file target01.txt (compact mmCIF, C-alpha atoms)
# COMPACT_ATOMS: atom_id res chain seq x y z
CA MET A 1 -5.59 7.98 -7.63
CA GLN A 2 -3.35 9.54 -10.29
CA THR A 3 0.06 10.91 -9.35
CA VAL A 4 1.21 14.40 -10.34
CA LEU A 5 4.85 15.45 -9.98
CA VAL A 6 5.30 19.17 -9.24
CA VAL A 7 8.80 20.43 -10.11
CA GLU A 8 8.85 23.96 -8.70
CA ASP A 9 11.57 25.80 -6.74
CA GLU A 10 9.19 28.34 -5.14
CA ALA A 11 8.30 26.46 -1.95
CA ASP A 12 5.09 28.41 -1.22
CA LEU A 13 3.76 27.91 -4.74
CA ALA A 14 4.71 24.23 -4.78
CA GLU A 15 2.89 23.73 -1.46
CA LEU A 16 -0.18 25.56 -2.77
CA ILE A 17 -0.31 23.47 -5.94
CA ALA A 18 0.16 20.25 -3.97
CA TYR A 19 -2.69 21.25 -1.63
CA HIS A 20 -5.11 21.83 -4.49
CA LEU A 21 -4.04 18.62 -6.25
CA GLU A 22 -4.87 16.66 -3.10
CA LYS A 23 -8.26 18.42 -2.89
CA GLU A 24 -8.93 17.33 -6.48
CA GLY A 25 -8.12 13.71 -5.68
CA PHE A 26 -4.56 13.51 -7.02
CA ARG A 27 -1.44 12.32 -5.20
CA PRO A 28 1.18 15.08 -5.47
CA ILE A 29 4.96 14.61 -5.36
CA VAL A 30 7.10 17.74 -5.05
CA ALA A 31 10.68 18.32 -6.27
CA SER A 32 12.43 21.66 -5.77
CA ASP A 33 15.02 21.55 -8.56
CA GLY A 34 15.62 20.01 -11.97
CA ASN A 35 17.88 17.18 -10.85
CA ALA A 36 15.49 16.11 -8.09
CA GLY A 37 12.63 16.34 -10.59
CA LEU A 38 14.42 14.01 -13.00
CA LEU A 39 15.05 11.48 -10.23
CA GLU A 40 11.44 11.58 -9.02
CA ALA A 41 10.08 11.27 -12.57
CA ARG A 42 12.20 8.19 -13.27
CA ASN A 43 11.41 6.55 -9.94
CA ALA A 44 7.70 7.36 -9.55
CA LEU A 45 6.67 7.47 -13.24
CA PRO A 46 3.86 9.93 -12.48
CA ASP A 47 0.72 10.30 -14.57
CA LEU A 48 1.53 13.97 -15.25
CA ILE A 49 4.29 16.49 -14.51
CA LEU A 50 3.86 20.19 -13.69
CA LEU A 51 7.24 21.63 -14.63
CA ASP A 52 8.56 25.11 -13.87
CA LEU A 53 10.68 26.62 -16.66
CA MET A 54 13.24 28.40 -14.47
CA LEU A 55 14.79 25.82 -12.14
CA PRO A 56 18.09 25.46 -10.30
CA GLY A 57 20.26 22.49 -11.24
CA MET A 58 18.60 21.84 -14.60
CA MET A 59 16.37 24.17 -16.61
CA GLY A 60 12.80 23.07 -17.19
CA THR A 61 13.27 22.95 -20.95
CA GLU A 62 16.30 20.66 -20.59
CA LEU A 63 14.49 18.45 -18.10
CA CYS A 64 11.53 18.22 -20.47
CA ARG A 65 13.83 17.26 -23.32
CA VAL A 66 15.51 14.54 -21.24
CA LEU A 67 12.19 13.09 -20.08
CA LYS A 68 10.68 13.06 -23.56
CA SER A 69 13.72 11.25 -24.94
CA GLY A 70 13.68 8.56 -22.24
CA GLU A 71 11.98 5.26 -23.04
CA ARG A 72 10.18 4.98 -19.68
CA THR A 73 9.25 8.67 -19.32
CA ALA A 74 8.48 9.75 -22.90
CA ALA A 75 4.73 9.19 -22.59
CA ILE A 76 4.30 11.22 -19.39
CA PRO A 77 2.39 14.44 -20.23
CA ILE A 78 4.08 17.67 -19.13
CA ILE A 79 2.53 21.08 -18.39
CA MET A 80 5.07 23.92 -18.31
CA LEU A 81 4.70 26.54 -15.55
CA THR A 82 6.53 29.80 -16.13
CA ALA A 83 6.52 33.54 -15.54
CA LYS A 84 7.58 34.03 -19.13
CA GLY A 85 4.67 34.60 -21.48
CA GLU A 86 6.34 35.58 -24.72
CA GLU A 87 5.44 33.53 -27.78
CA ILE A 88 9.05 32.40 -28.29
CA ASP A 89 9.08 30.80 -24.82
CA ARG A 90 5.87 28.93 -25.53
CA VAL A 91 7.27 27.74 -28.86
CA VAL A 92 10.45 26.48 -27.18
CA GLY A 93 8.38 24.69 -24.55
CA PHE A 94 6.31 22.89 -27.17
CA GLU A 95 9.37 22.10 -29.27
CA VAL A 96 10.98 20.16 -26.42
CA GLY A 97 7.78 18.18 -25.87
CA ALA A 98 5.55 20.07 -23.42
CA ASP A 99 1.86 19.19 -23.74
CA ASP A 100 0.55 22.49 -22.38
CA TYR A 101 1.82 25.83 -21.10
CA VAL A 102 0.50 27.91 -18.18
CA VAL A 103 1.83 31.42 -17.51
CA LYS A 104 2.29 32.72 -13.96
CA PRO A 105 0.43 34.13 -12.19
CA PHE A 106 -2.38 31.64 -12.76
CA SER A 107 -5.46 30.64 -10.79
CA THR A 108 -5.33 27.20 -9.18
CA ARG A 109 -8.77 26.50 -10.64
CA GLU A 110 -7.45 27.09 -14.15
CA LEU A 111 -4.44 24.89 -13.43
CA MET A 112 -6.60 22.02 -12.16
CA LEU A 113 -8.77 22.29 -15.27
CA ARG A 114 -5.65 22.14 -17.45
CA VAL A 115 -4.39 19.10 -15.53
CA ARG A 116 -7.64 17.21 -16.04
CA ALA A 117 -7.86 18.24 -19.70
CA VAL A 118 -4.34 17.01 -20.49
CA LEU A 119 -4.88 13.74 -18.62
CA ARG A 120 -8.19 13.19 -20.42
CA ARG A 121 -6.64 13.95 -23.79
CA THR A 122 -3.71 11.64 -23.13
CA SER A 123 -6.03 8.85 -22.03
CA GLU A 124 -8.13 9.22 -25.18
CA GLN A 125 -5.05 9.11 -27.36
CA SER A 126 -3.71 5.98 -25.65
CA PRO A 127 -6.56 3.50 -25.15
CA LYS A 128 -5.82 0.61 -22.82
CA ALA A 129 -4.90 -2.65 -24.48
CA ALA A 130 -7.51 -5.41 -24.30
CA THR A 131 -4.77 -7.87 -23.36
CA LEU A 132 -1.83 -7.20 -21.06
CA VAL A 133 1.19 -9.47 -21.53
CA ILE A 134 3.95 -9.34 -18.92
CA GLY A 135 6.36 -12.23 -19.30
CA ASP A 136 4.36 -15.47 -18.91
CA LEU A 137 1.48 -13.52 -17.34
CA VAL A 138 -1.43 -12.73 -19.68
CA ILE A 139 -4.46 -10.70 -18.60
CA ASP A 140 -7.52 -10.55 -20.84
CA THR A 141 -9.10 -7.32 -19.57
CA GLU A 142 -12.30 -7.73 -21.58
CA ARG A 143 -13.12 -11.18 -20.20
CA HIS A 144 -11.34 -10.74 -16.85
CA LEU A 145 -9.28 -13.87 -17.45
CA VAL A 146 -5.75 -14.43 -16.19
CA SER A 147 -3.34 -17.10 -17.41
CA VAL A 148 0.25 -18.02 -16.70
CA GLY A 149 2.19 -20.04 -19.25
CA GLY A 150 -1.03 -20.75 -21.12
CA LYS A 151 -2.86 -22.12 -18.07
CA GLU A 152 -5.83 -20.18 -16.69
CA VAL A 153 -5.58 -18.97 -13.08
CA ALA A 154 -8.76 -18.62 -11.02
CA LEU A 155 -8.77 -15.35 -9.09
CA THR A 156 -11.37 -13.73 -6.88
CA SER A 157 -12.67 -10.33 -7.99
CA THR A 158 -10.55 -8.62 -5.34
CA GLU A 159 -7.42 -10.50 -6.39
CA TYR A 160 -8.10 -9.57 -10.02
CA LYS A 161 -8.54 -5.87 -9.15
CA LEU A 162 -5.35 -5.97 -7.11
CA LEU A 163 -3.42 -7.55 -9.99
CA MET A 164 -4.82 -5.02 -12.47
CA ASN A 165 -3.79 -2.11 -10.27
CA LEU A 166 -0.23 -3.39 -10.36
CA ALA A 167 -0.23 -4.49 -14.02
CA GLU A 168 -1.59 -1.19 -15.36
CA ARG A 169 1.24 0.61 -13.54
CA THR A 170 4.08 -1.75 -14.38
CA ASP A 171 7.37 -0.79 -12.73
CA ARG A 172 5.63 1.87 -10.57
CA VAL A 173 5.65 1.40 -6.82
CA GLN A 174 2.15 1.34 -5.30
CA SER A 175 1.87 2.09 -1.58
CA ARG A 176 -0.26 -0.17 0.60
CA GLU A 177 -2.53 2.79 1.39
CA LEU A 178 -3.02 3.54 -2.30
CA LEU A 179 -3.84 -0.09 -3.06
CA LEU A 180 -6.37 -0.06 -0.22
CA GLN A 181 -8.05 2.99 -1.74
CA ASN A 182 -8.04 1.71 -5.32
CA VAL A 183 -9.06 -1.90 -4.66
CA TRP A 184 -11.19 -1.78 -1.52
CA GLY A 185 -12.50 1.79 -1.74
CA TYR A 186 -11.96 4.96 0.25
CA ASN A 187 -14.35 3.90 3.01
CA TYR A 188 -12.78 0.49 3.61
CA LEU A 189 -12.02 0.14 7.35
CA GLY A 190 -9.30 -2.53 7.15
CA ASP A 191 -5.61 -1.91 7.69
CA THR A 192 -2.67 -2.36 5.35
CA ARG A 193 -2.12 -5.98 6.49
CA THR A 194 -5.14 -6.80 4.33
CA VAL A 195 -3.06 -5.87 1.29
CA ASP A 196 -0.17 -8.09 2.41
CA THR A 197 -2.49 -11.06 2.96
CA HIS A 198 -4.10 -10.75 -0.48
CA LEU A 199 -0.74 -10.23 -2.18
CA THR A 200 0.57 -13.43 -0.58
CA ARG A 201 -2.42 -15.40 -1.90
CA LEU A 202 -2.15 -13.75 -5.31
CA ARG A 203 1.55 -14.63 -5.63
CA THR A 204 0.80 -18.24 -4.69
CA LYS A 205 -1.94 -18.54 -7.30
CA LEU A 206 0.24 -17.01 -10.03
CA GLY A 207 3.01 -19.55 -9.37
CA PRO A 208 6.28 -18.60 -11.11
CA ALA A 209 4.70 -15.34 -12.38
CA GLY A 210 4.16 -14.33 -8.76
CA ASP A 211 7.85 -13.47 -8.66
CA LEU A 212 7.04 -10.50 -10.93
CA ILE A 213 5.41 -8.81 -7.92
CA LYS A 214 8.16 -7.22 -5.85
CA THR A 215 7.90 -5.98 -2.27
CA VAL A 216 9.27 -2.49 -1.66
CA ARG A 217 10.20 -2.67 2.00
CA GLY A 218 8.39 -0.20 4.21
CA PHE A 219 6.22 1.13 1.38
CA GLY A 220 4.31 -1.25 -0.87
CA TYR A 221 4.53 -3.30 -4.05
CA LYS A 222 5.24 -3.11 -7.75
CA LEU A 223 4.91 -5.46 -10.70
CA GLU A 224 8.16 -5.56 -12.70
CA LYS A 225 8.59 -6.47 -16.31
CA PRO A 226 10.90 -9.50 -16.64

call {"tool": "encode", "arguments": {"input": "target01.txt", "output": "structure tokens"}}
result
Amino acid sequence: MQTVLVVEDEADLAELIAYHLEKEGFRPIVASDGNAGLLEARNALPDLILLDLMLPGMMGTELCRVLKSGERTAAIPIIMLTAKGEEIDRVVGFEVGADDYVVKPFSTRELMLRVRAVLRRTSEQSPKAATLVIGDLVIDTERHLVSVGGKEVALTSTEYKLLMNLAERTDRVQSRELLLQNVWGYNYLGDTRTVDTHLTRLRTKLGPAGDLIKTVRGFGYKLEKP
């Protein structure tokens, strides 16, 4: 499930967008001003940001500029949402790093199509690496092999999927519910203790590299770069 951050000060519109994102299978996060949007973007590292141009606290163009200049947020695609449709406004939006531009009023169907198009384009431009290296942890994604300090670690298929979900989203917090959905499937009937049990076994098997997996109390887990 991909995460989309909606930075929009019109509460009704933000709620409507979030509703349709959920219907389309995304996990929405909503921020009502520029400063809150910056904080959420840095903490959640969403897969995409829907960013209103006119915001209290920090203008959308300034927020876009800050995010695109940040090492951890530069690659996050941004779609500008604005009531301004003049060419100069679109040019300014693209100059500060926006990936697309949608003028209000817009249909939610069009917006969802734009979201999927930008995510697809971004994914095609940034193919996943065949090998993930995180400290002493090395994951060969083509052969499904995991090693720590040069020594291969035998994982079950579920443990491997769980590790990949964390490794592909390094430094992003993954809730227990989200891990249940991504690893076990939407129809899995277990509870979140299943995640805790598998994470404990996974950490044990990874040895010293297991310390890379951090518990976020009351929420879930994340894999941190050393």

call {"tool": "residues_around", "arguments": {"input": "target01.txt", "residues": "range 18-22 of chain A", "least_positions_apart": "3", "cutoff": "12 Å", "atoms": "all atoms listed in the file", "output": "mmCIF file with C-alpha atoms, keeping the file's coordinate frame"}}
result
data_model
loop_
_atom_site.group_PDB
_atom_site.id
_atom_site.type_symbol
_atom_site.label_atom_id
_atom_site.label_comp_id
_atom_site.auth_asym_id
_atom_site.auth_seq_id
_atom_site.Cartn_x
_atom_site.Cartn_y
_atom_site.Cartn_z
ATOM 1 C CA MET A 1 -5.590 7.980 -7.630
ATOM 2 C CA GLN A 2 -3.350 9.540 -10.290
ATOM 3 C CA THR A 3 0.060 10.910 -9.350
ATOM 4 C CA VAL A 4 1.210 14.400 -10.340
ATOM 5 C CA LEU A 5 4.850 15.450 -9.980
ATOM 6 C CA VAL A 6 5.300 19.170 -9.240
ATOM 7 C CA VAL A 7 8.800 20.430 -10.110
ATOM 8 C CA GLU A 8 8.850 23.960 -8.700
ATOM 9 C CA ALA A 11 8.300 26.460 -1.950
ATOM 10 C CA ASP A 12 5.090 28.410 -1.220
ATOM 11 C CA LEU A 13 3.760 27.910 -4.740
ATOM 12 C CA ALA A 14 4.710 24.230 -4.780
ATOM 13 C CA GLU A 15 2.890 23.730 -1.460
ATOM 14 C CA GLY A 25 -8.120 13.710 -5.680
ATOM 15 C CA PHE A 26 -4.560 13.510 -7.020
ATOM 16 C CA ARG A 27 -1.440 12.320 -5.200
ATOM 17 C CA PRO A 28 1.180 15.080 -5.470
ATOM 18 C CA ILE A 29 4.960 14.610 -5.360
ATOM 19 C CA VAL A 30 7.100 17.740 -5.050
ATOM 20 C CA ALA A 31 10.680 18.320 -6.270
ATOM 21 C CA LEU A 48 1.530 13.970 -15.250
ATOM 22 C CA ILE A 49 4.290 16.490 -14.510
ATOM 23 C CA LEU A 50 3.860 20.190 -13.690
ATOM 24 C CA SER A 107 -5.460 30.640 -10.790
ATOM 25 C CA THR A 108 -5.330 27.200 -9.180
ATOM 26 C CA ARG A 109 -8.770 26.500 -10.640
ATOM 27 C CA GLU A 110 -7.450 27.090 -14.150
ATOM 28 C CA LEU A 111 -4.440 24.890 -13.430
ATOM 29 C CA MET A 112 -6.600 22.020 -12.160
ATOM 30 C CA LEU A 113 -8.770 22.290 -15.270
ATOM 31 C CA ARG A 114 -5.650 22.140 -17.450
ATOM 32 C CA VAL A 115 -4.390 19.100 -15.530
ATOM 33 C CA ARG A 116 -7.640 17.210 -16.040
#

call {"tool": "atom_distance", "arguments": {"input": "target01.txt", "atom1": "CA of Ala209 in chain A", "atom2": "CA of Arg176 in chain A"}}
result
20.6 Å

call {"tool": "closest_residue", "arguments": {"input": "target01.txt", "among": "A:Leu223, A:Leu206, A:Val216, A:Val173", "to": "Lys151 in chain A", "atoms": "all atoms listed in the file"}}
result
A:Leu206

call {"tool": "atom_distance", "arguments": {"input": "target01.txt", "atom1": "CA of Arg72 in chain A", "atom2": "CA of Val96 in chain A"}}
result
16.6 Å

call {"tool": "closest_residue", "arguments": {"input": "target01.txt", "among": "A:Leu145, A:Ala75, A:Leu67, A:Leu179", "to": "Glu40 in chain A", "atoms": "only C-alpha atoms"}}
result
A:Leu67

call {"tool": "atom_distance", "arguments": {"input": "target01.txt", "atom1": "CA of Ser32 in chain A", "atom2": "CA of Arg169 in chain A"}}
result
25.1 Å

call {"tool": "build_atoms", "arguments": {"input": "target01.txt", "residues": "range 102-118 of chain A", "atoms": "N, CA, C and O atoms", "output": "mmCIF file, in the frame of the given file"}}
result
data_model
loop_
_atom_site.group_PDB
_atom_site.id
_atom_site.type_symbol
_atom_site.label_atom_id
_atom_site.label_comp_id
_atom_site.auth_asym_id
_atom_site.auth_seq_id
_atom_site.Cartn_x
_atom_site.Cartn_y
_atom_site.Cartn_z
ATOM 1 N N VAL A 102 1.281 27.012 -19.030
ATOM 2 C CA VAL A 102 0.500 27.910 -18.180
ATOM 3 C C VAL A 102 1.417 29.020 -17.668
ATOM 4 O O VAL A 102 2.480 28.748 -17.106
ATOM 5 N N VAL A 103 1.008 30.270 -17.877
ATOM 6 C CA VAL A 103 1.830 31.420 -17.510
ATOM 7 C C VAL A 103 1.466 31.915 -16.114
ATOM 8 O O VAL A 103 0.291 32.083 -15.790
ATOM 9 N N LYS A 104 2.491 32.135 -15.284
ATOM 10 C CA LYS A 104 2.290 32.720 -13.960
ATOM 11 C C LYS A 104 2.025 34.222 -14.100
ATOM 12 O O LYS A 104 2.598 34.853 -14.983
ATOM 13 N N PRO A 105 1.212 34.816 -13.220
ATOM 14 C CA PRO A 105 0.430 34.130 -12.190
ATOM 15 C C PRO A 105 -0.815 33.482 -12.788
ATOM 16 O O PRO A 105 -1.395 34.016 -13.740
ATOM 17 N N PHE A 106 -1.202 32.346 -12.266
ATOM 18 C CA PHE A 106 -2.380 31.640 -12.760
ATOM 19 C C PHE A 106 -3.279 31.304 -11.578
ATOM 20 O O PHE A 106 -2.828 31.242 -10.427
ATOM 21 N N SER A 107 -4.551 31.070 -11.850
ATOM 22 C CA SER A 107 -5.460 30.640 -10.790
ATOM 23 C C SER A 107 -5.324 29.125 -10.633
ATOM 24 O O SER A 107 -5.122 28.405 -11.614
ATOM 25 N N THR A 108 -5.424 28.643 -9.399
ATOM 26 C CA THR A 108 -5.330 27.200 -9.180
ATOM 27 C C THR A 108 -6.487 26.472 -9.849
ATOM 28 O O THR A 108 -6.328 25.329 -10.290
ATOM 29 N N ARG A 109 -7.630 27.127 -9.957
ATOM 30 C CA ARG A 109 -8.770 26.500 -10.640
ATOM 31 C C ARG A 109 -8.441 26.260 -12.107
ATOM 32 O O ARG A 109 -8.713 25.188 -12.648
ATOM 33 N N GLU A 110 -7.839 27.262 -12.751
ATOM 34 C CA GLU A 110 -7.450 27.090 -14.150
ATOM 35 C C GLU A 110 -6.427 25.964 -14.286
ATOM 36 O O GLU A 110 -6.516 25.131 -15.201
ATOM 37 N N LEU A 111 -5.472 25.920 -13.367
ATOM 38 C CA LEU A 111 -4.440 24.890 -13.430
ATOM 39 C C LEU A 111 -5.047 23.503 -13.284
ATOM 40 O O LEU A 111 -4.685 22.576 -14.031
ATOM 41 N N MET A 112 -5.966 23.324 -12.344
ATOM 42 C CA MET A 112 -6.600 22.020 -12.160
ATOM 43 C C MET A 112 -7.395 21.606 -13.404
ATOM 44 O O MET A 112 -7.403 20.439 -13.787
ATOM 45 N N LEU A 113 -8.033 22.583 -14.041
ATOM 46 C CA LEU A 113 -8.770 22.290 -15.270
ATOM 47 C C LEU A 113 -7.813 21.853 -16.374
ATOM 48 O O LEU A 113 -8.109 20.924 -17.147
ATOM 49 N N ARG A 114 -6.655 22.509 -16.452
ATOM 50 C CA ARG A 114 -5.650 22.140 -17.450
ATOM 51 C C ARG A 114 -5.119 20.725 -17.171
ATOM 52 O O ARG A 114 -4.901 19.946 -18.104
ATOM 53 N N VAL A 115 -4.884 20.429 -15.906
ATOM 54 C CA VAL A 115 -4.390 19.100 -15.530
ATOM 55 C C VAL A 115 -5.366 18.028 -15.989
ATOM 56 O O VAL A 115 -4.987 17.040 -16.626
ATOM 57 N N ARG A 116 -6.639 18.212 -15.665
ATOM 58 C CA ARG A 116 -7.640 17.210 -16.040
ATOM 59 C C ARG A 116 -7.803 17.113 -17.559
ATOM 60 O O ARG A 116 -7.980 16.022 -18.105
ATOM 61 N N ALA A 117 -7.718 18.245 -18.244
ATOM 62 C CA ALA A 117 -7.860 18.240 -19.700
ATOM 63 C C ALA A 117 -6.719 17.471 -20.367
ATOM 64 O O ALA A 117 -6.942 16.673 -21.290
ATOM 65 N N VAL A 118 -5.498 17.703 -19.905
ATOM 66 C CA VAL A 118 -4.340 17.010 -20.490
ATOM 67 C C VAL A 118 -4.407 15.517 -20.186
ATOM 68 O O VAL A 118 -4.146 14.687 -21.065
#
